[in-house]
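These notes concern the structure reproduced below.
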Amino acid sequence: MINWSGYEWLTQERWGQIHPDKNFVWYDETAVSVDEQGFLHLKTHYNPKYFSDLNITSNIGVGLVSCTTPFKFGTYEIEAKLPDGKNLWPSFWMWSFDSWPPEIDVFEAYSNDKGSYFSLEYNFETGISIWDVQTNIWWKNGDKDSNLGGKSGWFGTKNPSKDFIKYKLLWTNDSIKFYYNGKLIRKIDDKKILDQCNNTTMNVILNNSLTKLDNNTNSDFIMKYFKYSPL
């Protein structure tokens with residue numbers, strides 16, 4: 001447990017230290033720290049740990065913090081510099097305290113096997129983008145777990161792994177809006193989705209992970225602050 005930005009955070013998921021389907025990484029408290037400026041650091045590093053219940057050794061310790069406070073309508077913001085390195089998967093997201101889904105991904109970012117987040121794309125909803133930093137929402141669609149699909153949007157030419165960028169979510173009864181550096185990236189107003197999100201409280205999570213095993217990984221996801229303003 002750590003205290004940061006006025007809240008208490010677990011240094012693992014609330015259900016445990018390792019996901020059985022993504023077991024090459026585990027949630028490592030030594031990969032989480034707060035520096036003298038009050039900045040949060042979430043790292044990836046080679047730090048093998050044996051899990052007797054799964055009978056496996058997981059090679060990579062990754063930093064993850066899970067806020068113990070249940071959140072609802074309001075604004076959520078961090079100012080962050082994404083980690084440098086190959087095949088990284090830093091995220092700012094939340095999921096229900098009651099069940100999964102629903103899940104709201106303020107962002108999931110993906111560096112490629114060359115260590116870059118650059119990815120020139122265009123889609124009808126969010127327009128042109130040059131960084132692989134994606135919004136998404138998961139919800140229960142009948143008997144299926146469905147998602148809207150990860151989409152990026154234009155938020156300028158500043159490199160998110162070299163510069164601090166502000167990532168904000170505005171969640172109201174009528175919509176969920178995503179802003180990067182003050183620019184509206186995406187708006188969700190589908191009533192089916194909103195009803196599931198609006199009828200629960202959310203667990204905010206920040207993490208730095210990998211999309212594939214890399215025993216040489218050594219990265220640092222840095223956040224200046226987390227802010228929540230209720231409506």
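Please note that chains go A, B, ... in the order of the structure tokens, that every chain numbers its residues from 1, and that ligands are numbered from 1 in the order shown.
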
*asked:* With DSSP run on the backbone, what are the strand (DSSP E or B) residues within stretch 18-230 of chain A? I'd like them as a ChimeraX atom specification.
replied: /A:25-27,32-34,40-51,56-62,64-67,71,74-81,88-96,103-109,118-123,127-131,133-141,144-147,151,165-171,176-180,183-188,202-210,218-230

*Excluding same-chain residues fewer than 3 positions from A:Lys81, what lies within 9 Å of it counting only C-alpha atoms, as a list in words?*
Asn159, Pro160, Ser161, Lys162, Asp163, Phe164, Ile165, Asp220, Phe221, Ile222, Met223 and Lys224 of chain A

With all heavy atoms kept, could you save the residues just selected as a compact mmCIF listing (two decimals), in the first residue's frame?
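Result went into result_23.txt, see below:
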# COMPACT_ATOMS: atom_id res chain seq x y z
N ASN A 159 5.97 14.16 -28.33
CA ASN A 159 6.17 12.73 -28.12
C ASN A 159 5.76 12.36 -26.70
O ASN A 159 6.35 12.86 -25.73
CB ASN A 159 7.63 12.39 -28.36
CG ASN A 159 7.91 10.90 -28.35
OD1 ASN A 159 7.24 10.13 -27.66
ND2 ASN A 159 8.90 10.47 -29.11
N PRO A 160 4.76 11.48 -26.52
CA PRO A 160 4.28 11.19 -25.17
C PRO A 160 5.26 10.43 -24.29
O PRO A 160 5.03 10.31 -23.09
CB PRO A 160 3.01 10.37 -25.42
CG PRO A 160 3.21 9.76 -26.76
CD PRO A 160 3.98 10.77 -27.56
N SER A 161 6.35 9.91 -24.86
CA SER A 161 7.38 9.29 -24.03
C SER A 161 8.55 10.24 -23.75
O SER A 161 9.47 9.87 -23.01
CB SER A 161 7.91 8.00 -24.68
OG SER A 161 8.59 8.28 -25.89
N LYS A 162 8.49 11.44 -24.31
CA LYS A 162 9.52 12.45 -24.07
C LYS A 162 8.96 13.66 -23.32
O LYS A 162 9.72 14.41 -22.68
CB LYS A 162 10.13 12.93 -25.39
CG LYS A 162 10.67 11.83 -26.29
CD LYS A 162 11.77 11.03 -25.64
CE LYS A 162 12.30 9.95 -26.59
NZ LYS A 162 13.27 9.06 -25.91
N ASP A 163 7.65 13.88 -23.42
CA ASP A 163 7.00 15.04 -22.83
C ASP A 163 5.86 14.60 -21.92
O ASP A 163 5.24 13.55 -22.15
CB ASP A 163 6.43 15.95 -23.93
CG ASP A 163 7.51 16.49 -24.85
OD1 ASP A 163 8.29 17.34 -24.41
OD2 ASP A 163 7.56 16.05 -26.02
N PHE A 164 5.57 15.40 -20.92
CA PHE A 164 4.42 15.14 -20.07
C PHE A 164 3.15 15.60 -20.77
O PHE A 164 3.07 16.71 -21.29
CB PHE A 164 4.57 15.85 -18.72
CG PHE A 164 5.50 15.16 -17.77
CD1 PHE A 164 6.84 15.51 -17.72
CD2 PHE A 164 5.03 14.15 -16.93
CE1 PHE A 164 7.70 14.85 -16.84
CE2 PHE A 164 5.88 13.50 -16.06
CZ PHE A 164 7.22 13.85 -16.01
N ILE A 165 2.17 14.72 -20.81
CA ILE A 165 0.88 14.96 -21.45
C ILE A 165 -0.21 14.82 -20.40
O ILE A 165 -0.15 13.94 -19.54
CB ILE A 165 0.63 13.94 -22.58
CG1 ILE A 165 1.79 13.94 -23.60
CG2 ILE A 165 -0.71 14.20 -23.27
CD1 ILE A 165 1.95 15.20 -24.39
N ASP A 220 10.26 3.07 -17.22
CA ASP A 220 9.76 3.89 -16.12
C ASP A 220 8.62 4.77 -16.63
O ASP A 220 8.83 5.67 -17.45
CB ASP A 220 10.90 4.74 -15.57
CG ASP A 220 10.55 5.44 -14.27
OD1 ASP A 220 9.47 5.19 -13.72
OD2 ASP A 220 11.38 6.25 -13.79
N PHE A 221 7.42 4.53 -16.16
CA PHE A 221 6.22 5.31 -16.45
C PHE A 221 6.08 6.32 -15.31
O PHE A 221 5.94 5.93 -14.15
CB PHE A 221 5.03 4.35 -16.52
CG PHE A 221 3.69 4.94 -16.81
CD1 PHE A 221 3.53 6.18 -17.39
CD2 PHE A 221 2.54 4.21 -16.49
CE1 PHE A 221 2.27 6.70 -17.65
CE2 PHE A 221 1.27 4.71 -16.75
CZ PHE A 221 1.14 5.96 -17.33
N ILE A 222 6.10 7.62 -15.64
CA ILE A 222 6.16 8.67 -14.62
C ILE A 222 4.90 9.52 -14.66
O ILE A 222 4.50 10.01 -15.71
CB ILE A 222 7.39 9.58 -14.84
CG1 ILE A 222 8.67 8.74 -14.94
CG2 ILE A 222 7.50 10.60 -13.70
CD1 ILE A 222 9.89 9.56 -15.35
N MET A 223 4.28 9.72 -13.49
CA MET A 223 3.09 10.56 -13.37
C MET A 223 3.31 11.64 -12.31
O MET A 223 3.76 11.33 -11.21
CB MET A 223 1.88 9.71 -12.99
CG MET A 223 1.31 8.92 -14.15
SD MET A 223 0.71 7.30 -13.66
CE MET A 223 2.26 6.40 -13.54
N LYS A 224 3.00 12.89 -12.67
CA LYS A 224 3.15 13.99 -11.72
C LYS A 224 2.09 13.95 -10.64
O LYS A 224 2.35 14.30 -9.49
CB LYS A 224 3.09 15.33 -12.45
CG LYS A 224 4.28 15.63 -13.33
CD LYS A 224 4.16 17.05 -13.90
CE LYS A 224 5.36 17.41 -14.74
NZ LYS A 224 5.26 18.81 -15.27

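Residue neighbourhood of stretch 18-25 of chain A, excluding near-sequence residues (fewer than 2 positions): Gln12, Glu13, Trp15, Gly16, Tyr27, Asp28, Thr44, His45, Tyr46, Asn47, Pro48, Lys49, Phe51, Leu54, Ile56, Thr57, Ser58, Asn59, Ile60, Gly61, Val62, Gly63, Ser209, Leu210, Thr211, Lys212, Leu213, Asp214 and Asn215 of chain A, at 10 Å, using only C-alpha atoms.
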
*asked:* Quick one: residues within 10 Å of A:Trp95, only C-alpha atoms, excluding same-chain residues fewer than 4 positions away - as a VMD selection string?
replied: chain A and resid 99 to 105 137 to 138 197 200 to 205

*Residues at most 9 Å from A:Thr172, counting only C-alpha atoms, excluding those fewer than 3 positions away in the same chain, as a PyMOL selection string?*
chain A and resi 72-75+175-177+198+231

Saved selection, atoms kept: C-alpha atoms, as a PDB file, in the first residue's frame:
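Saved the output as result_17.pdb:
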ATOM      1  CA  LYS A  72     -18.231   7.815  -9.808  1.00  0.00           C
ATOM      2  CA  PHE A  73     -19.191  10.901 -11.876  1.00  0.00           C
ATOM      3  CA  GLY A  74     -16.530  13.572 -12.217  1.00  0.00           C
ATOM      4  CA  THR A  75     -13.228  14.423 -13.881  1.00  0.00           C
ATOM      5  CA  SER A 175     -21.691  11.007 -21.632  1.00  0.00           C
ATOM      6  CA  ILE A 176     -18.094   9.913 -21.176  1.00  0.00           C
ATOM      7  CA  LYS A 177     -15.525  12.208 -22.794  1.00  0.00           C
ATOM      8  CA  ASN A 198     -23.582   4.756 -14.256  1.00  0.00           C
ATOM      9  CA  LEU A 231     -19.649  16.399 -10.039  1.00  0.00           C
TER      10      LEU A 231
END

Per residue of stretch 127-164 of chain A within 12 Å of stretch 91-94 of chain A, what are the shortest atom pair and its distance in Å to one decimal, counting only C-alpha atoms, with rows by chain and residue number, as a Markdown table?
| residue | atom | partner | partner_atom | distance |
| --- | --- | --- | --- | --- |
| A:Asp132 | CA | A:Ser91 | CA | 11.8 |
| A:Val133 | CA | A:Ser91 | CA | 9.1 |
| A:Gln134 | CA | A:Ser91 | CA | 9.3 |
| A:Thr135 | CA | A:Trp93 | CA | 9.3 |
| A:Asn136 | CA | A:Trp93 | CA | 9.2 |
| A:Ile137 | CA | A:Trp93 | CA | 9.5 |
| A:Trp138 | CA | A:Met94 | CA | 10.4 |

Deliver the residues from the most recent selection as a file, using N, CA and C atoms, as a compact mmCIF listing (two decimals), in the first residue's frame.
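Ended up saving to out_33.txt:
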# COMPACT_ATOMS: atom_id res chain seq x y z
N ASP A 132 0.15 5.85 -30.80
CA ASP A 132 -0.67 4.69 -30.47
C ASP A 132 -1.07 4.75 -28.99
N VAL A 133 -1.96 5.69 -28.69
CA VAL A 133 -2.49 5.92 -27.34
C VAL A 133 -4.00 5.89 -27.48
N GLN A 134 -4.65 4.84 -26.98
CA GLN A 134 -6.02 4.53 -27.36
C GLN A 134 -7.01 4.61 -26.20
N THR A 135 -8.21 5.11 -26.50
CA THR A 135 -9.34 5.03 -25.58
C THR A 135 -10.15 3.77 -25.90
N ASN A 136 -10.91 3.31 -24.89
CA ASN A 136 -11.78 2.16 -25.13
C ASN A 136 -12.76 2.03 -23.97
N ILE A 137 -13.85 1.31 -24.19
CA ILE A 137 -14.81 0.95 -23.15
C ILE A 137 -15.27 -0.48 -23.38
N TRP A 138 -15.35 -1.24 -22.29
CA TRP A 138 -15.91 -2.59 -22.29
C TRP A 138 -17.23 -2.58 -21.56
